[in-house]
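Chemist: protein33.cif (mmCIF, C-alpha atoms) pasted underneath:
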data_target
loop_
_atom_site.label_atom_id
_atom_site.label_comp_id
_atom_site.auth_asym_id
_atom_site.auth_seq_id
_atom_site.Cartn_x
_atom_site.Cartn_y
_atom_site.Cartn_z
CA MET A 1 -13.43 4.50 15.56
CA ASP A 2 -15.87 1.62 15.99
CA GLN A 3 -17.63 -0.13 13.12
CA ALA A 4 -20.86 1.87 13.45
CA GLU A 5 -18.96 5.18 13.28
CA TRP A 6 -16.86 3.93 10.37
CA SER A 7 -19.98 2.86 8.45
CA LYS A 8 -21.20 6.46 8.65
CA VAL A 9 -17.88 7.69 7.24
CA VAL A 10 -18.12 5.22 4.34
CA ASP A 11 -21.70 6.27 3.62
CA ALA A 12 -20.65 9.92 3.59
CA ALA A 13 -17.69 9.08 1.34
CA ASN A 14 -19.99 7.36 -1.17
CA LYS A 15 -22.15 10.50 -1.23
CA GLU A 16 -19.06 12.68 -1.83
CA GLY A 17 -18.34 10.40 -4.77
CA GLU A 18 -14.74 11.38 -5.52
CA LEU A 19 -11.37 12.39 -4.16
CA THR A 20 -8.12 13.79 -5.52
CA ILE A 21 -4.58 12.88 -4.47
CA TYR A 22 -1.43 14.90 -5.07
CA GLY A 23 1.50 12.53 -4.84
CA LEU A 24 4.89 11.20 -5.83
CA LEU A 25 4.16 7.54 -6.48
CA SER A 26 5.88 6.10 -9.53
CA PRO A 27 3.65 4.95 -12.42
CA SER A 28 3.99 1.31 -11.33
CA MET A 29 1.93 2.26 -8.28
CA SER A 30 -0.07 5.35 -9.28
CA ASP A 31 -1.38 3.92 -12.56
CA PRO A 32 -3.19 0.89 -11.09
CA LEU A 33 -4.41 2.72 -7.96
CA PRO A 34 -7.67 4.24 -9.28
CA ALA A 35 -9.05 1.00 -10.73
CA ALA A 36 -7.98 -1.04 -7.69
CA PHE A 37 -9.60 1.43 -5.28
CA GLN A 38 -12.80 1.74 -7.30
CA LYS A 39 -13.10 -2.04 -7.42
CA ASP A 40 -13.71 -1.91 -3.66
CA TYR A 41 -15.46 1.48 -3.66
CA PRO A 42 -17.23 1.78 -7.04
CA ASN A 43 -19.11 4.94 -6.01
CA ILE A 44 -15.93 6.92 -5.35
CA LYS A 45 -13.87 8.18 -8.30
CA LEU A 46 -10.16 8.49 -7.48
CA THR A 47 -7.93 10.95 -9.35
CA TYR A 48 -4.18 10.71 -8.78
CA VAL A 49 -2.16 13.79 -9.78
CA ARG A 50 1.52 12.83 -9.94
CA SER A 51 4.24 15.47 -9.80
CA ASN A 52 7.57 16.24 -8.14
CA PRO A 53 7.92 17.36 -4.51
CA ALA A 54 8.67 21.03 -5.23
CA ASP A 55 5.67 21.42 -7.54
CA ILE A 56 3.30 19.62 -5.16
CA THR A 57 4.39 21.75 -2.21
CA ALA A 58 4.07 24.97 -4.22
CA ARG A 59 0.61 23.96 -5.46
CA VAL A 60 -0.68 22.99 -2.01
CA ASP A 61 0.73 26.18 -0.47
CA ALA A 62 -0.93 28.33 -3.15
CA GLU A 63 -4.26 26.54 -2.83
CA LEU A 64 -4.25 26.80 0.96
CA ALA A 65 -3.52 30.52 0.73
CA ALA A 66 -6.31 31.02 -1.81
CA GLY A 67 -8.78 28.97 0.23
CA ASN A 68 -9.47 26.68 -2.72
CA VAL A 69 -7.78 23.34 -2.09
CA GLY A 70 -7.91 20.86 -4.98
CA ALA A 71 -6.41 17.87 -3.19
CA ASP A 72 -7.96 15.77 -0.45
CA VAL A 73 -4.88 13.64 0.19
CA VAL A 74 -1.15 14.30 -0.22
CA ASP A 75 1.56 11.64 -0.11
CA ILE A 76 5.33 11.41 0.32
CA LEU A 77 6.43 14.96 1.03
CA ASP A 78 9.20 15.47 3.58
CA HIS A 79 8.53 15.40 7.31
CA PRO A 80 9.16 19.14 7.90
CA THR A 81 6.58 20.05 5.24
CA PHE A 82 3.92 17.74 6.63
CA ASP A 83 4.64 18.87 10.19
CA GLY A 84 4.40 22.49 9.02
CA TYR A 85 0.94 21.82 7.59
CA ALA A 86 -0.10 20.16 10.85
CA ASN A 87 1.16 23.12 12.88
CA LYS A 88 -0.92 25.46 10.69
CA GLY A 89 -4.04 23.38 11.35
CA ALA A 90 -4.19 22.30 7.72
CA LEU A 91 -4.44 18.52 8.35
CA LEU A 92 -7.14 16.24 9.71
CA PRO A 93 -6.27 13.60 12.31
CA LEU A 94 -6.33 10.07 10.92
CA THR A 95 -8.99 7.97 12.64
CA VAL A 96 -9.16 4.98 10.28
CA PRO A 97 -9.81 1.43 11.54
CA ALA A 98 -6.68 0.10 9.82
CA LEU A 99 -4.58 1.83 12.46
CA GLY A 100 -5.97 -0.66 14.95
CA ASP A 101 -5.22 -3.65 12.74
CA PRO A 102 -2.54 -5.87 14.33
CA LYS A 103 -1.00 -6.37 10.88
CA VAL A 104 -0.17 -2.65 10.75
CA ASP A 105 2.34 -1.65 13.43
CA ARG A 106 0.79 1.63 14.54
CA ALA A 107 3.53 2.42 17.06
CA ASN A 108 6.18 2.41 14.35
CA ASN A 109 4.12 3.79 11.46
CA GLN A 110 2.02 6.65 12.88
CA ARG A 111 4.54 9.36 13.69
CA THR A 112 1.88 11.95 14.67
CA PRO A 113 -1.94 11.92 14.73
CA TYR A 114 -1.89 13.49 11.25
CA VAL A 115 0.50 11.26 9.30
CA VAL A 116 0.94 7.55 8.73
CA THR A 117 3.63 5.64 6.90
CA MET A 118 2.16 3.75 3.95
CA GLY A 119 5.46 2.16 2.86
CA SER A 120 9.20 2.76 2.80
CA THR A 121 11.49 3.78 -0.02
CA VAL A 122 14.78 1.87 -0.12
CA TYR A 123 17.67 3.34 -2.11
CA ALA A 124 20.00 1.45 -4.42
CA TRP A 125 22.70 1.79 -7.06
CA ALA A 126 21.27 1.26 -10.54
CA TRP A 127 22.70 0.72 -14.02
CA ASN A 128 21.97 -0.09 -17.63
CA THR A 129 22.82 -3.78 -18.07
CA LYS A 130 23.84 -3.35 -21.72
CA LEU A 131 26.21 -0.47 -21.03
CA MET A 132 27.52 -1.84 -17.72
CA PRO A 133 27.15 -5.64 -17.77
CA LYS A 134 29.22 -5.98 -14.57
CA GLY A 135 27.00 -3.48 -12.78
CA ILE A 136 27.83 -1.29 -9.80
CA ASN A 137 29.24 -3.18 -6.84
CA SER A 138 30.98 -0.47 -4.83
CA TRP A 139 31.09 3.27 -4.31
CA GLN A 140 34.40 3.25 -6.17
CA ASP A 141 32.59 1.83 -9.19
CA LEU A 142 30.42 4.94 -9.18
CA LEU A 143 33.51 7.16 -9.08
CA ASN A 144 34.84 5.29 -12.12
CA VAL A 145 31.79 6.12 -14.25
CA ASP A 146 32.27 9.00 -16.69
CA PRO A 147 30.27 11.85 -15.06
CA SER A 148 28.52 12.55 -18.36
CA HIS A 149 27.12 9.00 -18.21
CA LEU A 150 26.10 9.16 -14.53
CA GLY A 151 22.66 10.35 -13.44
CA VAL A 152 21.70 12.15 -10.25
CA THR A 153 18.38 13.45 -8.97
CA ASP A 154 18.43 17.24 -8.61
CA PRO A 155 18.52 17.96 -4.85
CA SER A 156 16.66 21.24 -5.35
CA ILE A 157 13.37 19.37 -5.89
CA SER A 158 13.12 18.10 -2.32
CA PRO A 159 14.89 18.03 1.06
CA ILE A 160 14.55 14.24 0.86
CA VAL A 161 16.84 14.13 -2.19
CA ALA A 162 19.35 16.33 -0.38
CA SER A 163 19.14 13.96 2.60
CA VAL A 164 19.88 10.96 0.39
CA LEU A 165 22.87 12.60 -1.29
CA GLN A 166 24.29 13.63 2.07
CA THR A 167 24.25 10.02 3.27
CA THR A 168 26.66 9.06 0.48
CA GLU A 169 29.42 10.73 2.52
CA LYS A 170 28.87 8.73 5.70
CA PRO A 171 31.85 6.56 6.76
CA GLN A 172 29.88 3.35 6.08
CA THR A 173 28.92 4.44 2.54
CA GLY A 174 31.04 6.48 0.14
CA GLY A 175 33.02 8.16 2.91
CA PRO A 176 33.91 11.79 3.66
CA ALA A 177 34.26 14.06 0.59
CA PHE A 178 32.72 11.39 -1.67
CA LEU A 179 30.73 14.06 -3.54
CA ASN A 180 33.87 16.15 -4.03
CA LYS A 181 35.56 13.15 -5.63
CA LEU A 182 32.47 12.39 -7.71
CA THR A 183 32.32 15.88 -9.21
CA SER A 184 36.08 16.42 -9.55
CA LYS A 185 36.06 15.03 -13.11
CA GLY A 186 32.88 16.81 -14.17
CA ALA A 187 29.21 17.18 -13.37
CA PRO A 188 26.86 14.20 -13.50
CA ARG A 189 23.66 14.57 -15.51
CA SER A 190 20.87 16.01 -13.41
CA TYR A 191 17.20 14.97 -13.59
CA PRO A 192 14.05 16.49 -11.99
CA GLY A 193 13.13 13.24 -10.29
CA SER A 194 14.14 9.60 -10.05
CA ASN A 195 11.54 8.42 -12.56
CA PRO A 196 12.89 10.45 -15.51
CA GLU A 197 16.39 9.54 -14.37
CA ILE A 198 15.62 5.81 -14.48
CA ALA A 199 13.82 6.21 -17.82
CA ALA A 200 16.93 7.89 -19.23
CA MET A 201 19.06 5.02 -17.96
CA ALA A 202 16.73 2.45 -19.54
CA ALA A 203 17.01 4.33 -22.82
CA GLY A 204 20.82 4.31 -22.68
CA GLU A 205 21.15 8.06 -22.15
CA ILE A 206 23.19 7.33 -19.02
CA SER A 207 25.00 4.20 -17.84
CA ALA A 208 24.30 4.36 -14.10
CA THR A 209 22.75 6.46 -11.37
CA MET A 210 23.51 7.72 -7.94
CA PRO A 211 21.19 6.13 -5.32
CA VAL A 212 17.58 6.01 -6.51
CA PRO A 213 14.49 4.23 -5.14
CA ALA A 214 15.03 0.50 -5.65
CA GLY A 215 11.33 -0.08 -6.19
CA ASN A 216 11.23 2.34 -9.12
CA VAL A 217 14.07 0.45 -10.81
CA ALA A 218 12.54 -2.93 -9.98
CA SER A 219 9.25 -1.97 -11.61
CA VAL A 220 11.02 -0.82 -14.79
CA LYS A 221 13.16 -3.96 -14.77
CA ALA A 222 9.96 -6.04 -14.56
CA THR A 223 8.89 -4.63 -17.94
CA GLY A 224 11.99 -6.14 -19.57
CA ALA A 225 14.01 -2.91 -19.73
CA PRO A 226 17.82 -3.36 -19.59
CA VAL A 227 18.22 -2.08 -16.03
CA ASP A 228 19.20 -3.59 -12.71
CA TYR A 229 19.90 -2.42 -9.18
CA LYS A 230 21.70 -3.36 -5.99
CA VAL A 231 20.61 -2.39 -2.50
CA TYR A 232 24.00 -1.56 -1.08
CA PRO A 233 25.21 -2.31 2.48
CA ASN A 234 23.83 0.23 4.98
CA ALA A 235 21.42 1.42 2.30
CA GLY A 236 19.17 4.30 3.24
CA SER A 237 15.41 4.01 3.61
CA ILE A 238 12.77 6.69 4.08
CA PRO A 239 9.24 6.23 5.46
CA ASN A 240 6.67 7.41 2.91
CA GLU A 241 3.81 9.19 4.63
CA VAL A 242 0.28 10.18 3.65
CA VAL A 243 -1.97 12.93 5.06
CA VAL A 244 -5.53 14.24 4.67
CA LEU A 245 -5.99 17.97 4.06
CA LYS A 246 -8.54 19.62 6.35
CA ALA A 247 -9.73 21.99 3.63
CA GLY A 248 -10.21 19.21 1.08
CA LYS A 249 -13.67 18.93 -0.43
CA HIS A 250 -14.03 15.19 0.22
CA PRO A 251 -12.78 14.51 3.78
CA ASN A 252 -14.70 11.26 4.25
CA ALA A 253 -13.55 9.79 0.95
CA ALA A 254 -10.00 10.79 1.93
CA GLN A 255 -10.22 8.83 5.20
CA VAL A 256 -11.67 5.84 3.34
CA TYR A 257 -8.76 5.97 0.89
CA VAL A 258 -6.11 6.06 3.66
CA ASN A 259 -7.82 3.13 5.38
CA TRP A 260 -7.88 1.19 2.09
CA LEU A 261 -4.24 2.06 1.42
CA LEU A 262 -3.21 0.37 4.66
CA GLY A 263 -5.28 -2.71 3.86
CA GLU A 264 -4.20 -5.70 1.80
CA ALA A 265 -5.43 -4.34 -1.55
CA GLY A 266 -3.67 -0.98 -1.17
CA GLN A 267 -0.49 -2.47 0.23
CA THR A 268 -0.31 -4.97 -2.64
CA ILE A 269 -0.29 -2.02 -5.07
CA LEU A 270 2.35 -0.13 -3.07
CA ALA A 271 4.52 -3.25 -2.83
CA LYS A 272 5.22 -2.80 -6.56
CA GLY A 273 7.51 0.09 -5.69
CA MET A 274 8.22 0.23 -1.95
CA PHE A 275 8.42 -1.87 1.19
CA PRO A 276 4.85 -2.38 2.42
CA VAL A 277 4.02 -1.68 6.07
CA ARG A 278 1.37 -4.36 6.30
CA GLU A 279 2.49 -7.73 7.60
CA GLY A 280 2.15 -10.58 5.13
CA VAL A 281 2.21 -8.51 1.93
CA PRO A 282 5.17 -9.59 -0.26
CA GLY A 283 7.31 -6.88 -1.84
CA LEU A 284 9.00 -6.63 -5.22
CA ILE A 285 12.29 -5.22 -3.90
CA GLN A 286 15.17 -7.63 -3.28
CA THR A 287 17.61 -6.49 -0.58
CA ASN A 288 19.72 -9.67 -0.61
CA GLY A 289 20.45 -9.31 3.08
CA ALA A 290 21.64 -5.69 2.99
CA THR A 291 21.32 -3.78 6.25
CA LEU A 292 18.93 -0.83 5.97
CA GLU A 293 19.27 2.45 7.85
CA GLU A 294 16.55 5.09 8.05
CA ILE A 295 17.75 8.35 6.54
CA PRO A 296 17.25 11.32 8.89
CA GLN A 297 15.16 13.94 7.13
CA ILE A 298 16.87 17.33 7.24
CA THR A 299 15.24 20.71 7.76
CA THR A 300 14.45 23.13 4.96
CA ASP A 301 17.40 25.34 5.93
CA GLU A 302 19.77 22.35 5.99
CA ALA A 303 18.49 21.33 2.57
CA LYS A 304 19.11 24.83 1.20
CA ALA A 305 22.67 24.75 2.56
CA PHE A 306 23.29 21.41 0.87
CA GLN A 307 21.75 22.61 -2.39
CA GLN A 308 24.13 25.58 -2.37
CA ARG A 309 27.07 23.25 -1.72
CA TRP A 310 25.93 21.05 -4.61
CA LYS A 311 25.83 24.06 -6.96
CA THR A 312 29.34 24.97 -5.86
CA LEU A 313 30.57 21.43 -6.53
CA LEU A 314 29.09 21.66 -10.03
CA GLY A 315 30.74 25.05 -10.60
CA GLN A 316 27.43 26.89 -10.83
#
Would you put the structure from the file into structure tokens?
Modeler:
Amino acid sequence: MDQAEWSKVVDAANKEGELTIYGLLSPSMSDPLPAAFQKDYPNIKLTYVRSNPADITARVDAELAAGNVGADVVDILDHPTFDGYANKGALLPLTVPALGDPKVDRANNQRTPYVVTMGSTVYAWAWNTKLMPKGINSWQDLLNVDPSHLGVTDPSISPIVASVLQTTEKPQTGGPAFLNKLTSKGAPRSYPGSNPEIAAMAAGEISATMPVPAGNVASVKATGAPVDYKVYPNAGSIPNEVVVLKAGKHPNAAQVYVNWLLGEAGQTILAKGMFPVREGVPGLIQTNGATLEEIPQITTDEAKAFQQRWKTLLGQ
């Protein structure tokens, strides 16, 4: 899209005057987003509705079926869900100028015409520094934690969580049957998302967690909370994507938002909790030289099979 065409989109977005996002960003990113966006686009009010993956998917599905879609933009659902929406004709192609910016690697970050990676989640071990001053330095250290003091994100909330837990049994991570060993002494404490899990750890409810987004821990650590993290060797990472819903009421404002999100201002906000995709934007996460591996996102059926296995491991 050339500058003249884009100017028309911006003018139309200003007339629309608002947009709504359903997403999974942690508070360190979602809280400052509206003010930062409206600083650059004062005529467009941004509302960010934060929830967990299962609730967002259920809400979008229900709204699409009813023909009354409340969101204009959705972020960070799993690839199969986004691809399913695209196959149903529920998404608009992304035509924003930022995709032609040399500082944004389009070839690596636009998987289909309908989705673009806005940043990457990197997973890490995490612990309460008061309860575990030596921290977690190996997968064996996790096995040594009393299960009642170990947190885990409930895999039923998203195929992504199931994907992450599955990677703990790869030969280069915890090894085969790692989850069997982990649950052999009892069930870890389950949480409906990494944010409440990390909050519980900061409060001393649990001592450590299974892999959680490093950026979420880093942002809580930055507030002075007694938490720390370590991006482990061969740590998993997942591209976080964003889409525009075709039936949204503010399609032009949605495109303007995605374009802004890939720019320096948006990427600076996202760098508070994930690896930015824009060249030259510093991130908060410290990998300390760890090798990162992209986690393959599993299908819905594969996720259901893992969720059933997880229930069996917990004796449910």
Chemist: Quick one: axis-aligned box around all listed atoms of segment 98-102 of chain A, 6 Å on every side, centre and edge lengths in Å to one decimal, written as AutoDock Vina command-line options.
Modeler:
--center_x -4.6 --center_y -2.0 --center_z 12.4 --size_x 16.1 --size_y 19.7 --size_z 17.1
Chemist: So that I can check the surroundings of segment 292-298 of chain A, please list as an MDAnalysis selection string every protein, DNA and RNA residue that reaches within 8 Å of it, counting all atoms listed in the file and ignoring chain neighbours fewer than 3 positions away.
Modeler: chainID A and resid 78:80 122 159:160 163:164 167 233:239 302:303
Chemist: My list of candidates is A:Asn259, A:Ser156, A:Gln316, A:Thr299. Which is closest to Pro97 of chain A when distances are computed with all atoms listed in the file?
Modeler: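 Ranked by minimum distance to Pro97 of chain A, first place goes to A:Asn259.
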Chemist: Residue by residue, what does the PyMOL selection byres ((chain A and resi 144) around 12) grab here? Present the result as a list of chain:residue names.
Modeler: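 Evaluating the PyMOL selection byres ((chain A and resi 144) around 12) on this file yields A:Met132, A:Gly135, A:Ile136, A:Asn137, A:Ser138, A:Trp139, A:Gln140, A:Asp141, A:Leu142, A:Leu143, A:Val145, A:Asp146, A:Pro147, A:Ser148, A:His149, A:Leu150, A:Lys181, A:Leu182, A:Thr183, A:Ser184, A:Lys185, A:Gly186, A:Ser207, A:Ala208.
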Chemist: Give me the result of the PyMOL selection byres ((chain A and resi 68-77) around 7) on this file, residue by residue, as a list in words.
Modeler: Leu19, Thr20, Ile21, Tyr22, Gly23, Leu24, Pro53, Glu63, Leu64, Ala66, Gly67, Asp78, His79, Thr81, Phe82, Asn240, Glu241, Val242, Val243, Val244, Leu245, Ala247, Gly248, Lys249, His250, Pro251 and Ala254 of chain A
Chemist: Using all atoms listed in the file, I'd like a table of the residues in segment 19-111 of chain A that come within 10 Å of segment 217-221 of chain A; for each, show the closest atom pair and its distance in Å rounded to one decimal, ordered by chain and ascending number, as a tab-separated table.
Modeler:
residue	atom	partner	partner_atom	distance
A:Ser26	CA	A:Ser219	CA	9.0
A:Pro27	CA	A:Ser219	CA	8.9
A:Ser28	CA	A:Ser219	CA	6.2
A:Met29	CA	A:Ser219	CA	9.1
Chemist: Mind pulling up the distance from atom CA of Ala199 of chain A to atom CA of Ala126 of chain A?
Modeler: 11.5 Å
Chemist: So which residues touch Met210 of chain A within 10 Å, counting all atoms listed in the file, skipping near sequence neighbours fewer than 6 positions away, as a list of chain:residue names?
Modeler: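 The residues that qualify are A:Tyr123, A:Ala124, A:Trp125, A:Ala126, A:Trp127, A:Trp139, A:Leu142, A:Leu150, A:Gly151, A:Val152, A:Thr153, A:Val164, A:Leu165, A:Thr168, A:Pro188, A:Ser194, A:Glu197.
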Chemist: Applying the PyMOL selection byres ((chain A and resi 277) around 8) to the file I just gave you, which residues come out? Please list them as a count of residues only.
Modeler: 13
Chemist: Select, from A:Gln286, A:Asn87, A:Asn52, A:Thr291, the residue with the minimum atom-to-atom distance to Lys272 of chain A, counting all atoms listed in the file.
Modeler: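 Smallest distance to Lys272 of chain A is found for A:Gln286.
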